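Presented below is the structure to which this report refers.
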Amino acid sequence: MSKARYIMLGGFLGAGKTTTLIRLAEKLRDENNHKVGLITNDQAANLVDTNLVKAGNFAVEEIAGGCFCCRFSSLKDAADKLTETERPDVFLAEPVGSCTDLVATVSYPLRRMYGDSFTISPLSVLLDPRRAARIFGIEEGRNFSEKVKYVYLKQVEEAEALVINKIDSVPAEDIEKLSSYIKETYPEKKLFLMSSRTGEGFNEWADYAISAELGSQECMPIDYDIYADGEALLGWLNATLDVSSSESIDGNEFLKSLAAVFSKAFTSVEKEIAHLKMTLSPEDGSGEIASINQIGSELVPELGLSLLDPLKTGQLVVNIRAEADPEEINSILENALQEEFASVLKLEHVEYFRPGRPTPTHRYAGVAG
Ligand SMILES: Nc1nc2c(ncn2[C@@H]2O[C@H](COP(=O)(O)OP(=O)(O)O)[C@@H](O)[C@H]2O)c(=O)[nH]1
Ligand SMILES: [Mg+2]
């Protein structure tokens, strides 16, 4: 039997990993007749990402309760489970957006232990151009604190390929500035420019990701104390809510107004949203879903998938990652529920926390075979 390919796509929260992997899955299925299995990952269950992948009709396994690197065996279990049902020949894995050191803790151990079953692709790391420009100091604007930036820069450092995504979303001269900076600062890395929304430049990266093989460099040095502190500065909240209204409501507008309330609340306490994402699934059995995303507190929330029909009942899933106390994030949610959406939303389940210290199951620090 030929080996399955394992492609892991890194990148900070909101860089476009899920969007890109869904586009890649579609391409592999429709153009190359591949069977694709996706693996999503988060610190808690009920992922917006999983809902999005399911909406695209792809087989998906969710690893919740810790990242790939810290729950390495669950990654293999997820791949085995997908193999039992779908027999994918390509696995697409999305790690947690605040994780780094993935080559040493995931790619190399996978190759070392399961190299007979998988061909491992090099780690590509996606960049949101606006976020990257702020982190690199090319552009002014609200930013993260130094330790969160440390995690971001480590993600960049360990990549074999850097991918500036969302080139449709900023002026061409800003992309030019950013790519010149990257070429100068990281001359040894492959650089791709693309939009996984419009498809511009996508095939160049996709061809690389599905054909290149993981290299064998010395792993980057990393200070786990700073990494742990940086990750812990990001507060996380996952919530599931019942939507119920006596009148029909426009689900798309509803998501927009809810996101606007969150955005205003974070801006007023001067806290940076890393990624706010929500899905709304009507209970009408249509299987449709609406989604909204916000990257950065000051930017405008963007509707991704949208609903054609109004709804009366449904389920709302909210995932917020922001540089703020988890309790503060929760009170922003509670205020929104009490003040503006009390008649429509009922909280079913909420979890809010800081990611714990990363303690990888395996770490191959040297040159790996
Ligand atoms: N304009 C634009 N937006 C994009 C592109 N790729 C992703 N996005 C948007 O960026 C947001 C975050 O994307 P997502 O895939 O959830 O990021 P993840 O957190 O890295 O998985 C969503 O609103 C996407 O629609 C792109 O190429 N162009
Ligand atoms: Mg995602």
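Chain labels run A, B, ... following the order of the structure tokens; each chain numbers its residues from 1, and ligands are numbered from 1 in the order shown.
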For this session: From region 151-198 of chain A, collect each residue whose DSSP state is helix (DSSP H, G or I) and return the set as a PyMOL selection string.
Result: chain A and resi 151-158+172-185
Could those selected residues go to a file with C-alpha atoms, as a PDB file, in the first residue's frame?
ATOM      1  CA  VAL A 151       5.467  32.708  20.124  1.00  0.00           C
ATOM      2  CA  TYR A 152       4.523  34.289  16.794  1.00  0.00           C
ATOM      3  CA  LEU A 153       8.152  34.762  15.777  1.00  0.00           C
ATOM      4  CA  LYS A 154       9.014  31.199  16.769  1.00  0.00           C
ATOM      5  CA  GLN A 155       6.227  29.969  14.498  1.00  0.00           C
ATOM      6  CA  VAL A 156       7.812  31.949  11.690  1.00  0.00           C
ATOM      7  CA  GLU A 157      11.303  30.739  12.521  1.00  0.00           C
ATOM      8  CA  GLU A 158      10.503  27.038  12.398  1.00  0.00           C
ATOM      9  CA  ALA A 172      -0.281  45.479  -3.201  1.00  0.00           C
ATOM     10  CA  GLU A 173       2.433  47.832  -1.920  1.00  0.00           C
ATOM     11  CA  ASP A 174       1.916  46.553   1.634  1.00  0.00           C
ATOM     12  CA  ILE A 175       2.344  42.971   0.428  1.00  0.00           C
ATOM     13  CA  GLU A 176       5.473  44.093  -1.402  1.00  0.00           C
ATOM     14  CA  LYS A 177       6.904  45.652   1.770  1.00  0.00           C
ATOM     15  CA  LEU A 178       6.111  42.586   3.821  1.00  0.00           C
ATOM     16  CA  SER A 179       7.588  40.152   1.336  1.00  0.00           C
ATOM     17  CA  SER A 180      10.778  42.254   0.986  1.00  0.00           C
ATOM     18  CA  TYR A 181      11.139  42.206   4.758  1.00  0.00           C
ATOM     19  CA  ILE A 182      10.659  38.434   4.862  1.00  0.00           C
ATOM     20  CA  LYS A 183      13.099  37.782   2.012  1.00  0.00           C
ATOM     21  CA  GLU A 184      15.708  39.855   3.782  1.00  0.00           C
ATOM     22  CA  THR A 185      15.120  38.469   7.268  1.00  0.00           C
TER      23      THR A 185
END
Set the cut-off to 6 Å, count only C-alpha atoms and all ligand atoms, and list whatever residues fall near ligand 1 as a PDB file with N, CA and C atoms, in the first residue's frame.
ATOM      1  N   LEU A  13      -3.334  32.324  15.199  1.00  0.00           N
ATOM      2  CA  LEU A  13      -4.794  32.383  15.256  1.00  0.00           C
ATOM      3  C   LEU A  13      -5.318  33.343  14.187  1.00  0.00           C
ATOM      4  N   GLY A  14      -6.202  32.874  13.354  1.00  0.00           N
ATOM      5  CA  GLY A  14      -6.842  33.750  12.372  1.00  0.00           C
ATOM      6  C   GLY A  14      -6.086  33.939  11.071  1.00  0.00           C
ATOM      7  N   ALA A  15      -4.966  33.240  10.881  1.00  0.00           N
ATOM      8  CA  ALA A  15      -4.166  33.452   9.666  1.00  0.00           C
ATOM      9  C   ALA A  15      -4.837  32.889   8.412  1.00  0.00           C
ATOM     10  N   GLY A  16      -5.797  31.990   8.624  1.00  0.00           N
ATOM     11  CA  GLY A  16      -6.504  31.421   7.471  1.00  0.00           C
ATOM     12  C   GLY A  16      -6.260  29.928   7.286  1.00  0.00           C
ATOM     13  N   LYS A  17      -5.851  29.234   8.351  1.00  0.00           N
ATOM     14  CA  LYS A  17      -5.520  27.802   8.238  1.00  0.00           C
ATOM     15  C   LYS A  17      -6.737  26.973   7.817  1.00  0.00           C
ATOM     16  N   THR A  18      -7.854  27.167   8.509  1.00  0.00           N
ATOM     17  CA  THR A  18      -9.038  26.348   8.200  1.00  0.00           C
ATOM     18  C   THR A  18      -9.513  26.620   6.781  1.00  0.00           C
ATOM     19  N   THR A  19      -9.582  27.889   6.414  1.00  0.00           N
ATOM     20  CA  THR A  19     -10.020  28.259   5.066  1.00  0.00           C
ATOM     21  C   THR A  19      -9.114  27.604   4.022  1.00  0.00           C
ATOM     22  N   ASN A 165      -0.764  34.951   3.293  1.00  0.00           N
ATOM     23  CA  ASN A 165      -2.134  34.669   2.834  1.00  0.00           C
ATOM     24  C   ASN A 165      -2.907  35.992   2.766  1.00  0.00           C
ATOM     25  N   LYS A 166      -4.113  35.948   2.263  1.00  0.00           N
ATOM     26  CA  LYS A 166      -5.022  37.106   2.239  1.00  0.00           C
ATOM     27  C   LYS A 166      -4.444  38.273   1.438  1.00  0.00           C
ATOM     28  N   ASP A 168      -5.448  39.404  -1.082  1.00  0.00           N
ATOM     29  CA  ASP A 168      -6.563  40.211  -1.613  1.00  0.00           C
ATOM     30  C   ASP A 168      -7.014  41.288  -0.626  1.00  0.00           C
ATOM     31  N   SER A 169      -6.566  41.192   0.637  1.00  0.00           N
ATOM     32  CA  SER A 169      -7.177  42.031   1.674  1.00  0.00           C
ATOM     33  C   SER A 169      -6.403  43.311   1.994  1.00  0.00           C
ATOM     34  N   SER A 195      -3.967  33.993  -1.909  1.00  0.00           N
ATOM     35  CA  SER A 195      -5.232  34.255  -1.243  1.00  0.00           C
ATOM     36  C   SER A 195      -6.014  32.955  -1.273  1.00  0.00           C
ATOM     37  N   SER A 196      -6.278  32.419  -0.098  1.00  0.00           N
ATOM     38  CA  SER A 196      -7.078  31.190  -0.126  1.00  0.00           C
ATOM     39  C   SER A 196      -8.542  31.537  -0.313  1.00  0.00           C
ATOM     40  N   ARG A 197      -8.864  32.817  -0.316  1.00  0.00           N
ATOM     41  CA  ARG A 197     -10.249  33.207  -0.617  1.00  0.00           C
ATOM     42  C   ARG A 197     -10.464  33.296  -2.123  1.00  0.00           C
ATOM     43  N   ASN A 293     -16.051  35.894  11.495  1.00  0.00           N
ATOM     44  CA  ASN A 293     -14.689  35.924  12.022  1.00  0.00           C
ATOM     45  C   ASN A 293     -14.248  37.334  12.281  1.00  0.00           C
ATOM     46  N   GLU A 302     -16.097  39.753   9.769  1.00  0.00           N
ATOM     47  CA  GLU A 302     -16.398  39.332   8.394  1.00  0.00           C
ATOM     48  C   GLU A 302     -17.252  38.088   8.367  1.00  0.00           C
ATOM     49  N   GLY A 304     -18.401  34.748   6.849  1.00  0.00           N
ATOM     50  CA  GLY A 304     -17.836  33.761   5.933  1.00  0.00           C
ATOM     51  C   GLY A 304     -18.989  33.073   5.218  1.00  0.00           C
TER      52      GLY A 304
END
For this session: Could the residues that lie within 12 Å of ligand 2, counting only C-alpha atoms and all ligand atoms, be listed as number ranges by chain?
Result: A: 9-22, 38-42, 47-53, 62, 93-98, 126, 274-278, 293, 295, 319-321
Exercise. How many Å separate CA of Met8 (chain A) from CA of Ala228 (chain A)?
Worked result: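 So the two atoms, CA of Met8 (chain A) and CA of Ala228 (chain A), lie 21.7 Å apart.
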Exercise. Which neighbours of Lys35 (chain A) fall inside 7 Å, counting only C-alpha atoms, when residues of the same chain fewer than 3 positions from it are skipped, and could you give them as JSON, numbers by chain?
Worked result: {"A": [29, 88, 89, 90]}
Dump of N, CA, C and O atoms for the selected residues, as a CSV table (one decimal), in the first residue's frame:
chain,number,residue,atom,x,y,z
A,29,ARG,N,-9.6,16.6,-3.7
A,29,ARG,CA,-10.8,15.7,-4.0
A,29,ARG,C,-11.2,15.9,-5.4
A,29,ARG,O,-11.4,14.9,-6.2
A,88,PRO,N,-8.3,7.8,4.1
A,88,PRO,CA,-7.8,8.9,3.4
A,88,PRO,C,-6.3,8.6,2.9
A,88,PRO,O,-5.6,7.9,3.6
A,89,ASP,N,-6.0,9.2,1.7
A,89,ASP,CA,-4.6,9.1,1.3
A,89,ASP,C,-3.9,10.4,1.6
A,89,ASP,O,-2.7,10.5,1.4
A,90,VAL,N,-4.6,11.4,2.0
A,90,VAL,CA,-4.0,12.7,2.4
A,90,VAL,C,-4.7,13.1,3.8
A,90,VAL,O,-5.9,13.2,3.9
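Near His362 (chain A), within 12 Å and counting only C-alpha atoms, sit A:Phe68, A:Cys69, A:Cys70, A:Arg71, A:Phe72, A:Ser73, A:Asp101, A:Leu102, A:Val103, A:Ala104, A:Thr105, A:Val106, A:Ser107, A:Tyr108, A:Pro109, A:Leu110, A:Arg112, A:Met113, A:Pro358, A:Thr359, A:Ala365; same-chain residues fewer than 3 positions away were not included.
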Serialized selection, N, CA and C atoms, as a compact mmCIF listing (two decimals), in the first residue's frame:
# COMPACT_ATOMS: atom_id res chain seq x y z
N PHE A 68 -1.63 19.04 19.52
CA PHE A 68 -1.01 17.84 18.94
C PHE A 68 0.26 17.44 19.66
N CYS A 69 1.09 18.47 19.92
CA CYS A 69 2.41 18.17 20.47
C CYS A 69 2.31 17.56 21.87
N CYS A 70 1.30 18.01 22.63
CA CYS A 70 1.16 17.50 24.00
C CYS A 70 0.28 16.26 24.05
N ARG A 71 -0.43 15.98 22.97
CA ARG A 71 -1.27 14.78 22.92
C ARG A 71 -0.95 14.03 21.64
N PHE A 72 0.33 13.69 21.53
CA PHE A 72 0.82 13.11 20.29
C PHE A 72 0.06 11.83 19.93
N SER A 73 -0.22 11.00 20.94
CA SER A 73 -0.86 9.72 20.61
C SER A 73 -2.27 9.94 20.08
N ASP A 101 6.99 25.14 17.85
CA ASP A 101 7.89 24.00 18.06
C ASP A 101 7.27 22.71 17.50
N LEU A 102 6.48 22.85 16.45
CA LEU A 102 5.74 21.70 15.91
C LEU A 102 6.63 20.74 15.12
N VAL A 103 7.71 21.25 14.55
CA VAL A 103 8.58 20.36 13.78
C VAL A 103 9.23 19.35 14.73
N ALA A 104 9.77 19.86 15.84
CA ALA A 104 10.46 18.98 16.80
C ALA A 104 9.49 18.06 17.54
N THR A 105 8.26 18.53 17.75
CA THR A 105 7.37 17.75 18.61
C THR A 105 6.30 16.96 17.85
N VAL A 106 6.12 17.27 16.58
CA VAL A 106 5.11 16.53 15.81
C VAL A 106 5.70 15.95 14.51
N SER A 107 6.27 16.83 13.66
CA SER A 107 6.71 16.33 12.34
C SER A 107 7.83 15.29 12.46
N TYR A 108 8.87 15.62 13.23
CA TYR A 108 9.98 14.67 13.34
C TYR A 108 9.57 13.38 14.06
N PRO A 109 8.86 13.47 15.19
CA PRO A 109 8.42 12.21 15.82
C PRO A 109 7.53 11.37 14.90
N LEU A 110 6.65 12.02 14.14
CA LEU A 110 5.79 11.26 13.22
C LEU A 110 6.64 10.51 12.21
N ARG A 112 9.83 9.71 12.45
CA ARG A 112 10.67 8.71 13.11
C ARG A 112 9.87 7.46 13.45
N MET A 113 8.63 7.66 13.95
CA MET A 113 7.87 6.50 14.44
C MET A 113 6.95 5.88 13.39
N PRO A 358 2.88 24.15 27.75
CA PRO A 358 3.04 23.05 26.80
C PRO A 358 4.10 22.05 27.27
N THR A 359 3.72 20.79 27.34
CA THR A 359 4.70 19.74 27.69
C THR A 359 4.59 18.64 26.65
N ALA A 365 15.15 17.12 19.22
CA ALA A 365 15.79 18.42 19.09
C ALA A 365 16.93 18.44 18.07
Exercise. Skipping near chain neighbours, those fewer than 5 positions away, what residues fall within 10 Å of region 116-121 of chain A using only C-alpha atoms, listed as a list of chain:residue names?
Worked result: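 The neighbour list is A:Met1, A:Ser2, A:Lys3, A:Ala4, A:Arg5, A:Tyr6, A:Ile7, A:Met8, A:Leu9, A:Asp89, A:Val90, A:Phe91, A:Ser107, A:Tyr108, A:Leu110, A:Arg111, A:Glu160, A:Tyr208, A:Ala209, A:Ile210, A:Ser211, A:Ala212, A:Glu213, A:Leu214, A:Gly215.
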Problem set entry | Nearby residues (only C-alpha atoms) at most 8 Å from Ile164 (chain A), same-chain spacing under 4 positions excluded, as a list in words |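 Those residues are Leu126, Leu127, Asp128, Pro129, Ser179, Leu191, Phe192, Leu193 and Met194 of chain A.
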Exercise. Given the choices A:Lys264, A:Glu270, A:Leu258, A:Asn32, which gets closest to Ser291 (chain A) if the distance is worked out from only C-alpha atoms?
Worked result: A:Leu258
For this session: Can you work out the spacing between CA of Ile135 (chain A) and CA of Arg357 (chain A) in Å, to one decimal?
Result: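 CA of Arg357 (chain A) lies 23.0 Å from CA of Ile135 (chain A).
Closest approach to Lys271 (chain A) from the set A:Ala336, A:Ile329, A:Val170, A:Ala161 is made by A:Ile329, with distances taken over only C-alpha atoms.
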For this session: Using only C-alpha atoms, determine which residues lie at most 10 Å from Leu303 (chain A), disregarding the query and same-chain residues fewer than 2 positions distant; provide the list as a PyMOL selection string.
Result: chain A and resi 252-253+255-256+259+277-279+290-294+300-301+305-306
For this session: Based on DSSP run over this structure's backbone, return all residues of region 139-346 of chain A in strand (DSSP E or B), as a VMD selection string.
Result: chain A and resid 161 to 164 190 to 193 235 to 249 273 to 282 290 to 294 302 to 303 311 to 322 345 to 346
